[in-house]
$ cat model_6.txt   # compact mmCIF, C-alpha atoms
# COMPACT_ATOMS: atom_id res chain seq x y z
CA MET A 685 20.29 -14.57 -76.41
CA SER A 686 23.40 -16.43 -77.53
CA TRP A 687 25.35 -14.91 -74.62
CA ILE A 688 22.77 -16.21 -72.15
CA LEU A 689 23.10 -19.69 -73.63
CA ALA A 690 26.89 -19.55 -73.41
CA ILE A 691 26.83 -18.43 -69.77
CA GLY A 692 24.15 -21.05 -69.08
CA PHE A 693 26.51 -23.69 -70.46
CA LEU A 694 29.37 -22.43 -68.30
CA VAL A 695 27.27 -22.63 -65.11
CA LEU A 696 24.91 -25.54 -65.74
CA ALA A 697 27.06 -27.98 -67.72
CA PRO A 698 28.95 -29.32 -64.66
CA LEU A 699 25.62 -29.92 -62.86
CA LEU A 700 24.00 -31.57 -65.87
CA GLY A 701 27.19 -33.48 -66.72
CA GLY A 702 27.40 -34.88 -63.19
CA LEU A 703 23.72 -35.84 -63.22
CA LEU A 704 24.16 -37.44 -66.65
CA GLU A 705 27.04 -39.56 -65.36
CA GLY A 706 25.06 -40.48 -62.23
CA ALA A 707 22.05 -41.50 -64.31
CA ASP A 708 24.38 -43.42 -66.60
CA ARG A 709 25.86 -45.37 -63.69
CA VAL A 710 22.43 -46.20 -62.25
CA LEU A 711 21.17 -47.22 -65.70
CA CYS A 712 24.22 -49.43 -66.29
CA ALA A 713 23.77 -51.08 -62.89
CA ARG A 714 20.09 -51.79 -63.57
CA MET A 715 20.96 -53.30 -66.95
CA GLN A 716 23.40 -55.60 -65.14
CA GLY A 717 20.82 -56.56 -62.47
CA ARG A 718 22.45 -54.45 -59.73
CA GLN A 719 21.06 -51.70 -57.55
CA GLY A 720 23.80 -49.25 -58.45
CA PRO A 721 25.14 -46.13 -56.70
CA PRO A 722 23.07 -43.08 -55.71
CA LEU A 723 22.24 -40.63 -58.51
CA LEU A 724 24.51 -37.98 -56.98
CA GLN A 725 27.50 -40.34 -56.73
CA PRO A 726 29.65 -38.44 -59.33
CA PHE A 727 29.38 -35.30 -57.16
CA TYR A 728 30.43 -37.28 -54.06
CA ASP A 729 33.41 -38.56 -56.07
CA MET A 730 34.28 -35.04 -57.18
CA PHE A 731 34.20 -33.60 -53.63
CA LYS A 732 36.22 -36.51 -52.34
CA LEU A 733 38.90 -36.00 -54.99
CA ILE A 734 39.15 -32.31 -54.08
CA GLN A 735 39.70 -33.22 -50.42
CA LYS A 736 42.32 -35.88 -51.15
CA GLN A 737 46.04 -35.29 -51.12
CA SER A 738 47.34 -34.58 -54.62
CA VAL A 739 50.51 -36.41 -55.53
CA VAL A 740 52.18 -34.22 -58.16
CA VAL A 741 54.46 -36.00 -60.61
CA ASN A 742 55.56 -32.88 -62.44
CA ASN A 743 54.20 -29.35 -62.82
CA VAL A 744 53.91 -29.52 -66.61
CA GLN A 745 51.30 -32.24 -66.29
CA ASP A 746 49.02 -30.11 -64.11
CA VAL A 747 49.28 -27.16 -66.53
CA LEU A 748 48.41 -29.41 -69.49
CA VAL A 749 45.42 -30.88 -67.65
CA CYS A 750 44.20 -27.30 -67.00
CA GLY A 751 44.63 -26.68 -70.75
CA PHE A 752 42.35 -29.66 -71.38
CA LEU A 753 39.63 -28.13 -69.20
CA ILE A 754 40.03 -24.62 -70.65
CA PHE A 755 39.77 -25.71 -74.28
CA VAL A 756 36.81 -28.01 -73.63
CA VAL A 757 35.01 -25.09 -71.96
CA PHE A 758 36.09 -22.79 -74.83
CA ALA A 759 34.67 -25.22 -77.40
CA GLY A 760 31.40 -25.41 -75.46
CA LEU A 761 31.13 -21.61 -75.11
CA LEU A 762 31.76 -21.21 -78.84
CA PHE A 763 29.05 -23.75 -79.65
CA PHE A 764 26.40 -22.19 -77.42
CA TRP A 765 27.35 -18.67 -78.48
CA GLY A 766 26.54 -19.84 -82.02
CA GLY A 767 30.03 -19.85 -83.51
CA ASP A 768 31.61 -21.89 -86.25
CA ILE A 769 31.04 -25.63 -85.75
CA LEU A 770 34.36 -26.46 -87.43
CA LEU A 771 36.14 -24.31 -84.86
CA VAL A 772 34.21 -26.08 -82.08
CA PHE A 773 35.49 -29.44 -83.30
CA PHE A 774 39.04 -28.13 -83.70
CA ALA A 775 39.02 -26.70 -80.16
CA LEU A 776 37.71 -30.02 -78.86
CA THR A 777 40.53 -31.88 -80.63
CA LEU A 778 43.08 -29.42 -79.27
CA ALA A 779 41.74 -30.06 -75.76
CA GLU A 780 42.16 -33.78 -76.36
CA ILE A 781 45.75 -33.21 -77.50
CA PHE A 782 46.46 -31.28 -74.28
CA PHE A 783 45.17 -34.26 -72.30
CA ILE A 784 47.32 -36.69 -74.32
CA MET A 785 50.38 -34.45 -73.84
CA SER A 786 49.78 -34.39 -70.09
CA SER A 787 49.97 -38.15 -69.88
CA CYS A 788 52.99 -38.25 -72.21
CA SER A 789 54.80 -35.90 -69.82
CA ALA A 790 54.58 -38.40 -66.95
CA ASN A 791 57.39 -40.91 -66.90
CA SER A 792 55.14 -43.93 -66.51
CA PRO A 793 54.68 -46.81 -68.96
CA TYR A 794 50.92 -47.03 -68.37
CA SER A 795 50.55 -43.30 -68.93
CA SER A 796 52.32 -43.42 -72.29
CA MET A 797 50.46 -46.58 -73.32
CA GLY A 798 47.26 -44.77 -72.44
CA ALA A 799 48.33 -41.80 -74.55
CA GLN A 800 49.04 -44.06 -77.53
CA ARG A 801 45.65 -45.73 -77.26
CA GLU A 802 44.01 -42.33 -76.95
CA LEU A 803 45.69 -41.31 -80.22
CA LEU A 804 44.37 -44.49 -81.88
CA GLN A 805 40.92 -43.59 -80.58
CA ASN A 806 41.27 -40.08 -82.05
CA MET A 807 42.30 -41.59 -85.36
CA ALA A 808 39.17 -43.75 -85.31
CA TYR A 809 36.57 -41.08 -84.61
CA GLU A 810 38.01 -37.88 -86.12
CA PRO A 811 36.89 -38.64 -89.74
CA MET A 812 33.30 -38.99 -88.56
CA ILE A 813 33.54 -35.71 -86.60
CA LEU A 814 34.75 -33.98 -89.76
CA LEU A 815 31.98 -35.56 -91.85
CA THR A 816 29.45 -34.29 -89.29
CA ALA A 817 30.68 -30.72 -89.77
CA ILE A 818 30.60 -31.09 -93.58
CA GLY A 819 27.12 -32.61 -93.37
CA PHE A 820 25.84 -29.62 -91.37
CA TYR A 821 27.34 -27.34 -94.03
CA LEU A 822 25.63 -29.17 -96.89
CA ALA A 823 22.31 -29.23 -95.03
CA ALA A 824 22.23 -25.59 -93.93
CA ASN A 825 24.78 -23.95 -96.27
CA THR A 826 26.67 -22.56 -93.31
CA PHE A 827 29.07 -23.66 -90.57
CA ASN A 828 27.56 -21.22 -88.06
CA VAL A 829 25.71 -22.96 -85.24
CA ASN A 830 23.16 -20.14 -84.75
CA GLU A 831 22.16 -20.38 -88.44
CA ILE A 832 22.09 -24.20 -88.46
CA ALA A 833 19.81 -24.10 -85.39
CA VAL A 834 17.16 -21.98 -87.16
CA ALA A 835 17.27 -23.73 -90.56
CA SER A 836 13.82 -24.27 -92.06
CA VAL A 837 14.23 -28.07 -92.11
CA PRO A 838 16.02 -29.85 -89.21
CA ALA A 839 19.40 -31.29 -90.25
CA ILE A 840 18.41 -34.88 -89.41
CA VAL A 841 16.05 -34.94 -92.41
CA TYR A 842 19.09 -34.54 -94.71
CA LEU A 843 21.61 -36.36 -92.54
CA PRO A 844 20.15 -39.59 -91.11
CA GLY A 845 23.31 -41.54 -91.99
CA ILE A 846 25.62 -38.97 -90.43
CA PHE A 847 23.40 -38.95 -87.34
CA ILE A 848 23.84 -42.73 -86.99
CA GLY A 849 27.61 -42.39 -87.49
CA TYR A 850 27.79 -39.62 -84.88
CA VAL A 851 25.87 -41.72 -82.31
CA PHE A 852 28.28 -44.57 -83.10
CA ILE A 853 31.36 -42.51 -82.24
CA LEU A 854 29.63 -41.15 -79.12
CA VAL A 855 30.14 -44.62 -77.61
CA ILE A 856 33.89 -44.01 -77.93
CA LYS A 857 33.75 -40.33 -76.97
CA PHE A 858 31.81 -41.06 -73.78
CA ARG A 859 34.66 -43.46 -72.89
CA LYS A 860 32.39 -46.49 -72.77
CA SER A 861 33.35 -49.04 -75.40
CA PRO A 862 35.94 -50.47 -76.24
CA PHE A 863 36.76 -51.51 -72.71
CA ASP A 864 40.55 -51.58 -73.18
CA LEU A 865 40.90 -47.96 -74.23
CA SER A 866 42.63 -45.62 -71.84
CA THR A 867 40.43 -44.30 -69.02
CA SER A 868 37.53 -46.46 -70.13
CA HIS A 869 34.82 -46.28 -67.51
CA HIS A 870 34.72 -50.06 -67.27
CA ALA A 871 36.00 -51.66 -64.12
CA HIS A 872 38.56 -48.84 -63.75
CA GLN A 873 41.34 -51.36 -64.17
CA GLU A 874 42.27 -51.62 -67.85
CA MET A 875 45.70 -50.03 -68.48
CA VAL A 876 45.58 -48.78 -64.85
CA ARG A 877 43.22 -46.07 -66.14
CA GLY A 878 45.65 -45.08 -68.91
CA LEU A 879 45.75 -41.29 -69.27
CA THR A 880 44.97 -40.65 -65.61
CA THR A 881 47.40 -43.20 -64.15
CA GLU A 882 49.63 -40.51 -62.69
CA LEU A 883 46.87 -38.09 -61.72
CA SER A 884 45.37 -37.91 -58.25
CA GLY A 885 43.40 -35.64 -55.96
CA ASN A 886 42.26 -32.29 -57.34
CA VAL A 887 44.01 -32.73 -60.71
CA LEU A 888 41.92 -35.86 -61.27
CA ALA A 889 38.88 -33.79 -60.24
CA ILE A 890 39.73 -31.28 -63.01
CA VAL A 891 39.78 -34.15 -65.52
CA SER A 892 36.33 -35.38 -64.51
CA LEU A 893 34.99 -31.79 -64.55
CA ALA A 894 36.34 -31.38 -68.09
CA GLU A 895 34.72 -34.69 -69.06
CA TRP A 896 31.36 -33.45 -67.76
CA TYR A 897 31.65 -30.31 -69.89
CA GLU A 898 32.72 -32.40 -72.87
CA ASN A 899 29.82 -34.85 -72.54
CA ILE A 900 27.26 -32.04 -72.36
CA LEU A 901 28.83 -30.39 -75.42
CA LEU A 902 28.82 -33.65 -77.40
CA ILE A 903 25.20 -34.37 -76.56
CA SER A 904 24.26 -30.78 -77.44
CA ILE A 905 25.83 -31.27 -80.87
CA LEU A 906 23.57 -34.31 -81.16
CA GLY A 907 20.63 -32.05 -80.30
CA LEU A 908 21.61 -29.66 -83.12
CA PHE A 909 20.48 -32.32 -85.62
CA PHE A 910 16.86 -31.79 -84.50
CA LEU A 911 16.68 -27.99 -84.21
CA ASN A 912 14.85 -25.75 -86.67
CA GLY A 913 14.08 -22.69 -84.56
CA THR A 914 10.67 -23.78 -83.24
CA LEU A 915 9.78 -24.81 -79.71
CA TRP A 916 8.70 -28.32 -80.65
CA SER A 917 12.10 -28.92 -82.24
CA VAL A 918 13.75 -28.22 -78.87
CA LEU A 919 11.50 -30.85 -77.30
CA ALA A 920 12.34 -33.24 -80.14
CA ALA A 921 16.06 -32.55 -79.54
CA VAL A 922 15.79 -33.35 -75.82
CA LEU A 923 13.82 -36.51 -76.57
CA GLY A 924 16.20 -37.53 -79.36
CA CYS A 925 19.27 -36.99 -77.16
CA GLY A 926 17.67 -39.04 -74.38
CA ILE A 927 16.92 -41.94 -76.71
CA ALA A 928 20.39 -41.75 -78.31
CA TYR A 929 22.05 -41.77 -74.87
CA PHE A 930 20.00 -44.80 -73.85
CA VAL A 931 21.06 -46.58 -77.05
CA VAL A 932 24.72 -45.74 -76.32
CA VAL A 933 24.48 -47.19 -72.77
CA LEU A 934 22.61 -50.24 -74.08
CA ALA A 935 25.19 -50.85 -76.83
CA ASP A 936 27.95 -50.63 -74.25
CA ASN A 937 26.26 -53.18 -71.96
CA VAL A 938 25.35 -55.56 -74.79
CA PHE A 939 28.92 -55.54 -76.18
CA PRO A 940 31.04 -55.09 -73.04
CA ARG A 941 34.21 -56.70 -74.40
CA VAL A 942 34.89 -54.86 -77.66
CA LYS A 943 38.63 -54.33 -78.18
CA TRP A 944 40.47 -51.40 -79.71
CA ASP A 945 41.26 -53.09 -83.07
CA ALA A 946 37.56 -53.89 -83.53
CA MET A 947 36.85 -50.24 -82.77
CA ILE A 948 39.13 -48.91 -85.50
CA LYS A 949 37.77 -51.28 -88.15
CA SER A 950 34.11 -50.84 -87.29
CA THR A 951 34.29 -47.05 -86.82
CA TRP A 952 35.84 -46.46 -90.22
CA ILE A 953 33.39 -48.84 -91.90
CA VAL A 954 30.44 -47.06 -90.25
CA THR A 955 31.96 -43.69 -91.17
CA LEU A 956 32.36 -44.71 -94.81
CA VAL A 957 29.01 -46.47 -95.17
CA ALA A 958 26.68 -44.30 -93.09
CA GLY A 959 28.49 -40.97 -93.47
CA GLY A 960 29.90 -41.38 -96.97
CA ILE A 961 26.71 -42.64 -98.64
CA ASN A 962 24.69 -39.94 -96.89
CA LEU A 963 27.03 -37.26 -98.24
CA MET A 964 26.95 -38.73 -101.77
CA ILE A 965 23.14 -38.74 -101.84
CA MET A 966 23.12 -35.14 -100.52
CA GLU A 967 25.52 -34.12 -103.29
CA LEU A 968 23.35 -35.76 -105.95
CA LEU A 969 20.16 -34.19 -104.62
CA THR A 970 21.51 -30.68 -104.24
CA ARG A 971 23.22 -30.62 -107.63
CA MET B 894 30.77 -33.51 -48.13
CA LYS B 895 32.40 -36.53 -46.59
CA VAL B 896 35.27 -38.53 -48.07
CA SER B 897 33.40 -41.67 -47.02
CA LYS B 898 30.70 -41.04 -49.63
CA SER B 899 33.00 -42.32 -52.35
CA PRO B 900 35.50 -44.93 -51.17
CA TRP B 901 37.57 -46.29 -54.05
CA MET B 902 39.07 -49.67 -53.30
CA LEU B 903 42.32 -51.23 -54.45
CA HIS B 904 42.50 -54.99 -54.12
CA TYR B 905 45.91 -56.65 -53.80
CA ASP B 906 46.33 -60.43 -53.70
CA GLY B 907 49.28 -61.32 -51.47
CA SER B 908 49.96 -65.06 -51.14
CA SER B 909 46.27 -65.86 -50.98
CA CYS B 910 44.81 -69.21 -52.09
CA ASN B 911 42.25 -67.13 -54.11
CA GLY B 912 39.40 -68.11 -51.79
CA CYS B 913 39.15 -64.61 -50.32
CA ASP B 914 39.79 -63.01 -53.72
CA ILE B 915 36.73 -64.73 -55.16
CA GLU B 916 34.69 -63.50 -52.20
CA VAL B 917 36.00 -59.95 -52.72
CA LEU B 918 34.95 -60.11 -56.36
CA ALA B 919 31.59 -61.54 -55.28
CA CYS B 920 31.03 -58.29 -53.35
CA THR B 921 31.06 -56.33 -56.61
CA MET B 922 28.63 -58.70 -58.31
CA PRO B 923 24.84 -58.17 -58.50
CA ARG B 924 23.97 -60.13 -55.32
CA TYR B 925 26.02 -57.94 -52.95
CA ASP B 926 26.71 -54.94 -55.25
CA VAL B 927 29.11 -52.94 -53.13
CA GLU B 928 28.85 -50.07 -55.66
CA ARG B 929 25.63 -49.03 -53.94
CA PHE B 930 27.88 -47.48 -51.28
CA GLY B 931 29.86 -45.72 -54.02
CA VAL B 932 32.69 -48.25 -53.86
CA ILE B 933 34.66 -48.60 -57.08
CA ASN B 934 37.16 -51.39 -57.53
CA THR B 935 40.03 -49.38 -58.99
CA GLY B 936 43.34 -50.75 -60.22
CA ASN B 937 45.36 -47.62 -59.53
CA PRO B 938 46.87 -46.87 -56.09
CA LYS B 939 46.88 -43.14 -56.86
CA HIS B 940 43.09 -43.18 -57.15
CA ALA B 941 42.44 -45.50 -54.21
CA ASP B 942 41.25 -44.74 -50.66
CA ILE B 943 41.07 -48.28 -49.30
CA LEU B 944 43.80 -50.87 -49.72
CA LEU B 945 42.25 -54.31 -49.43
CA ILE B 946 44.78 -57.11 -49.03
CA THR B 947 44.08 -60.83 -49.11
CA GLY B 948 46.68 -63.46 -48.18
CA GLY B 949 49.81 -63.26 -46.08
CA ILE B 950 52.98 -61.35 -46.72
CA ASN B 951 56.01 -63.20 -48.09
CA ALA B 952 59.53 -62.05 -48.89
CA GLN B 953 58.65 -61.52 -52.54
CA ASN B 954 55.53 -59.33 -52.16
CA LYS B 955 56.74 -57.26 -49.19
CA PRO B 956 58.30 -54.48 -51.35
CA VAL B 957 55.28 -54.53 -53.67
CA VAL B 958 52.82 -53.99 -50.83
CA GLU B 959 54.98 -51.26 -49.34
CA GLN B 960 55.23 -49.45 -52.68
CA ILE B 961 51.49 -49.66 -53.35
CA TYR B 962 50.80 -48.24 -49.88
CA SER B 963 53.29 -45.40 -50.32
CA GLN B 964 51.73 -44.42 -53.68
CA MET B 965 48.25 -43.97 -52.20
CA PRO B 966 47.36 -40.35 -51.37
CA GLN B 967 46.17 -39.42 -47.86
CA PRO B 968 43.76 -40.19 -46.24
CA LYS B 969 44.04 -43.97 -46.72
CA VAL B 970 42.89 -47.09 -44.89
CA VAL B 971 44.22 -50.66 -44.98
CA VAL B 972 41.84 -53.61 -44.66
CA ALA B 973 43.23 -57.13 -44.16
CA VAL B 974 40.73 -59.68 -45.51
CA GLY B 975 40.87 -63.33 -44.40
CA ILE B 976 42.80 -65.01 -41.64
CA CYS B 977 46.01 -65.23 -43.73
CA ALA B 978 46.08 -61.46 -44.14
CA CYS B 979 45.29 -61.01 -40.44
CA ASN B 980 48.11 -63.14 -39.02
CA GLY B 981 49.38 -65.63 -41.63
CA GLY B 982 46.71 -68.26 -41.03
CA VAL B 983 47.59 -71.88 -41.83
CA PHE B 984 50.71 -70.68 -43.68
CA LYS B 985 52.00 -68.87 -40.60
CA ASP B 986 54.94 -71.25 -39.99
CA CYS B 987 55.97 -71.60 -43.64
CA TYR B 988 59.60 -70.69 -44.30
CA ASN B 989 58.68 -67.94 -46.81
CA ILE B 990 55.79 -66.30 -44.93
CA LEU B 991 56.61 -63.22 -42.85
CA GLY B 992 53.14 -63.13 -41.27
CA GLY B 993 50.01 -61.01 -41.64
CA VAL B 994 49.79 -57.67 -43.43
CA ASP B 995 50.51 -55.85 -40.16
CA THR B 996 54.13 -57.02 -40.33
CA VAL B 997 54.73 -54.39 -43.05
CA LEU B 998 51.77 -51.95 -43.02
CA PRO B 999 49.62 -50.31 -40.33
CA VAL B 1000 46.39 -52.33 -40.71
CA ASP B 1001 43.21 -50.49 -39.65
CA ILE B 1002 40.52 -53.14 -40.07
CA TYR B 1003 40.86 -56.93 -39.70
CA VAL B 1004 38.26 -59.12 -41.43
CA PRO B 1005 38.64 -62.72 -40.21
CA GLY B 1006 37.39 -65.88 -41.93
CA CYS B 1007 38.62 -68.64 -44.21
CA ALA B 1008 37.44 -67.63 -46.66
CA ALA B 1009 36.02 -64.33 -45.41
CA LYS B 1010 32.28 -64.09 -46.15
CA PRO B 1011 31.13 -61.31 -48.51
CA GLU B 1012 28.94 -59.93 -45.70
CA ALA B 1013 32.00 -59.71 -43.44
CA ILE B 1014 34.08 -58.05 -46.18
CA ILE B 1015 31.38 -55.43 -46.83
CA ASP B 1016 31.12 -54.85 -43.07
CA GLY B 1017 34.89 -54.32 -42.93
CA VAL B 1018 34.81 -51.93 -45.88
CA ILE B 1019 32.01 -49.89 -44.25
CA GLN B 1020 34.04 -49.62 -41.02
CA ALA B 1021 37.06 -48.59 -43.08
CA VAL B 1022 34.94 -45.93 -44.75
CA ALA B 1023 33.96 -44.47 -41.36
CA LEU B 1024 37.65 -44.41 -40.46
CA LEU B 1025 38.44 -42.43 -43.63
CA ASP B 1026 36.43 -39.48 -42.33
CA GLU B 1027 38.28 -39.52 -39.00
CA LYS B 1028 41.63 -39.66 -40.80
CA ARG B 1029 40.59 -36.79 -43.05
CA LYS B 1030 39.81 -34.74 -39.93
CA SER B 1031 43.18 -35.49 -38.35
CA VAL B 1032 44.99 -34.63 -41.60
CA ARG B 1033 43.19 -31.27 -41.60
CA GLU B 1034 44.07 -30.60 -37.95
CA ASP B 1035 47.70 -31.46 -38.64
CA LYS B 1036 47.68 -28.97 -41.51
CA LYS B 1037 46.17 -26.29 -39.26
CA GLU B 1038 48.80 -26.88 -36.59
CA ALA B 1039 51.53 -26.74 -39.20
CA GLY B 1040 50.02 -23.47 -40.48
CA GLN B 1041 50.11 -21.90 -37.04
$ encode --input "model_6.txt" --output "structure tokens"
Amino acid sequence: MSWILAIGFLVLAPLLGGLLEGADRVLCARMQGRQGPPLLQPFYDMFKLIQKQSVVVNNVQDVLVCGFLIFVVFAGLLFFWGGDILLVFFALTLAEIFFIMSSCSANSPYSSMGAQRELLQNMAYEPMILLTAIGFYLAANTFNVNEIAVASVPAIVYLPGIFIGYVFILVIKFRKSPFDLSTSHHAHQEMVRGLTTELSGNVLAIVSLAEWYENILLISILGLFFLNGTLWSVLAAVLGCGIAYFVVVLADNVFPRVKWDAMIKSTWIVTLVAGGINLMIMELLTR
Amino acid sequence: MKVSKSPWMLHYDGSSCNGCDIEVLACTMPRYDVERFGVINTGNPKHADILLITGGINAQNKPVVEQIYSQMPQPKVVVAVGICACNGGVFKDCYNILGGVDTVLPVDIYVPGCAAKPEAIIDGVIQAVALLDEKRKSVREDKKEAGQ
């Protein structure tokens, strides 16, 4: 069963990820009073990028970008196979580091500025990611995803604060807000797209493919909060993820000009308040 | 799948009076919403398919325009927006103006007007998009010939 899920992720995640981005772009446009692009626009972009000429700056960069894709896919496979959630998060961070290294390798000021901002962004959201893993452990007494998914009580009952904190960092992880982070999806102009400044053609296509995998993995981790092994919990997970995604898009459109320093302050405050208090109460109750 | 389904646009302001620039930005706003054709206003020449230039070319921005053009991957299209970009316009005889964009780059589409209307700009972009597919074809044929 777990193997089927893992293979399903490998095959379906690019399709779902592309559709998710398309829906996101249409939703954003509607919130701004525009008509917006077609739903399949991300796929058109992907096929265009594959057909374009690829200007290679250096070979190391391409290898590192491939490393980004491979480790994102590895993290996703591990999650759907039912592996250790800590390892999933570590693999995801490693993938991110590959991506940062790739932009460091290019001899361009915007690329390295993008890499530095990406590191700041990592610094902001990593504590919350770690708290999420610890929260799952305290709720289900295990780090294994397949055991968390069939726990008698869904994790969100124990972890409402951590759930809120996780949704908060999703805004950063989906590259929405703050607008001046590298490769933010806003206006495509800030920092000349930071990490991807020196990427073009099919290498850029690999980056967006990896982002589709990553987004589906992140939203699946959100779904894990609702699962308890029954069918209705799967429905609740899908519904919960949908609502959370809508809230993320709405938050991004309501606060379109959040800057990176505001991100660091607010993310750590939310992590400490929502995540920390939740963990303390859990500790008191389970003692 | 056609290249023209997702034209990413790079806007460069030469020595424009900003009239055309405001109209270009108006195209991306809710009333005209050029994103419905998949157009993204990118800031990076390496991601761009269409180079949209407003204003004439002067001695100072000539190397800039040339460098931006050379950094764009094939296939690429150049659109000159406004009469200044087409042939220099009212600034044509100024001592510092070299002329329209076609004095330094091969311009594919000319969009006249002072300032160019958003409808005209979108029309020019759509024609540029159609040209992208043709260029893609010719790049492929060149590759095939080189392969043989």
$ interface_residues --input "model_6.txt" --of "chain A" --to "chain B" --cutoff "6 Å" --atoms "only C-alpha atoms" --output "PyMOL selection string"
chain A and resi 717-718+720-721+728-729+732+737+872-873+876+884
$ residues_around --input "model_6.txt" --residues "Cys979 of chain B" --least-positions-apart "4" --cutoff "10 Å" --atoms "only C-alpha atoms" --output "VMD selection string"
chain B and resid 946 to 950 972 to 975 992 to 996 1000 1002 to 1006
$ atom_distance --input "model_6.txt" --atom1 "atom CA of Val741 of chain A" --atom2 "atom CA of Ala1039 of chain B"
23.5 Å
$ residues_near_point --input "model_6.txt" --point "(51.5, -41.3, -72.4)" --cutoff "9 Å" --atoms "all atoms listed in the file" --output "ChimeraX atom specification"
/A:784-802,878-879
$ atom_distance --input "model_6.txt" --atom1 "atom CA of Leu694 of chain A" --atom2 "atom CA of Tyr897 of chain A"
8.4 Å
$ closest_residue --input "model_6.txt" --among "A:Val918, A:Leu969, A:Ile691, A:Val855" --to "Ala823 of chain A" --atoms "all atoms listed in the file"
A:Leu969
$ residues_near_point --input "model_6.txt" --point "(55.4, -65.7, -44.7)" --cutoff "10 Å" --atoms "only C-alpha atoms" --output "list in words"
Ser908, Gly948, Gly949, Ile950, Asn951, Ala952, Gln953, Asn954, Lys955, Cys977, Asn980, Gly981, Gly982, Phe984, Lys985, Asp986, Cys987, Tyr988, Asn989, Ile990, Leu991, Gly992, Gly993, Val994 and Thr996 of chain B
$ axis_aligned_box --input "model_6.txt" --around "segment 956-975 of chain B" --padding-each-side "3 Å" --output "JSON"
{"center_x": 49.5, "center_y": -51.4, "center_z": -48.9, "size_x": 23.6, "size_y": 29.9, "size_z": 15.5}
$ atom_distance --input "model_6.txt" --atom1 "atom CA of Leu703 of chain A" --atom2 "atom CA of Pro844 of chain A"
28.4 Å
$ closest_residue --input "model_6.txt" --among "B:Val997, B:Ala978, B:Glu916, B:Glu1012" --to "Gln960 of chain B" --atoms "all atoms listed in the file"
B:Val997
$ residues_around --input "model_6.txt" --residues "Val971 of chain B" --least-positions-apart "5" --cutoff "8 Å" --atoms "all atoms listed in the file" --output "PyMOL selection string"
chain B and resi 943-946+998-1002+1021
$ closest_atom_pairs --input "model_6.txt" --of "segment 719-761 of chain A" --to "segment 707-712 of chain A" --cutoff "10 Å" --atoms "all atoms listed in the file" --output "tab-separated table"
residue	atom	partner	partner_atom	distance
A:Gln719	CA	A:Val710	CA	7.4
A:Gly720	CA	A:Val710	CA	5.1
A:Pro721	CA	A:Val710	CA	6.2
A:Pro722	CA	A:Val710	CA	7.3
A:Leu723	CA	A:Ala707	CA	5.9
A:Leu724	CA	A:Ala707	CA	8.5
A:Gln725	CA	A:Arg709	CA	8.7
A:Pro726	CA	A:Arg709	CA	9.0
$ closest_residue --input "model_6.txt" --among "A:Gln805, A:Asn830, A:Gln716, A:Asn825" --to "Leu762 of chain A" --atoms "all atoms listed in the file"
A:Asn830
$ residues_around --input "model_6.txt" --residues "Ala775 of chain A" --least-positions-apart "2" --cutoff "9 Å" --atoms "only C-alpha atoms" --output "ChimeraX atom specification"
/A:755-756,758-759,770-773,777-780
$ closest_residue --input "model_6.txt" --among "A:Leu968, A:Leu700, A:Val922, A:Asn886" --to "Lys736 of chain A" --atoms "all atoms listed in the file"
A:Asn886
$ closest_residue --input "model_6.txt" --among "B:Val970, B:Val983, B:Ala919, B:Cys1007" --to "Ile1019 of chain B" --atoms "all atoms listed in the file"
B:Val970
$ decode --input "model_6.txt" --residues "segment 1018-1026 of chain B" --atoms "N, CA and C atoms" --output "compact mmCIF listing (two decimals), in the first residue's frame"
# COMPACT_ATOMS: atom_id res chain seq x y z
N VAL B 1018 2.17 42.81 -28.98
CA VAL B 1018 2.68 41.65 -28.24
C VAL B 1018 2.12 40.36 -28.83
N ILE B 1019 0.83 40.37 -29.21
CA ILE B 1019 0.22 39.15 -29.77
C ILE B 1019 0.87 38.81 -31.11
N GLN B 1020 1.17 39.84 -31.92
CA GLN B 1020 1.87 39.56 -33.19
C GLN B 1020 3.28 39.03 -32.93
N ALA B 1021 3.92 39.56 -31.88
CA ALA B 1021 5.26 39.09 -31.52
C ALA B 1021 5.22 37.63 -31.11
N VAL B 1022 4.14 37.28 -30.39
CA VAL B 1022 3.96 35.92 -29.91
C VAL B 1022 3.85 34.95 -31.10
N ALA B 1023 3.09 35.36 -32.12
CA ALA B 1023 2.95 34.51 -33.31
C ALA B 1023 4.31 34.33 -33.98
N LEU B 1024 5.11 35.39 -33.94
CA LEU B 1024 6.43 35.34 -34.56
C LEU B 1024 7.37 34.39 -33.81
N LEU B 1025 7.15 34.27 -32.49
CA LEU B 1025 7.98 33.37 -31.67
C LEU B 1025 7.92 31.94 -32.20
N ASP B 1026 6.69 31.51 -32.55
CA ASP B 1026 6.52 30.14 -33.04
C ASP B 1026 7.29 29.94 -34.34
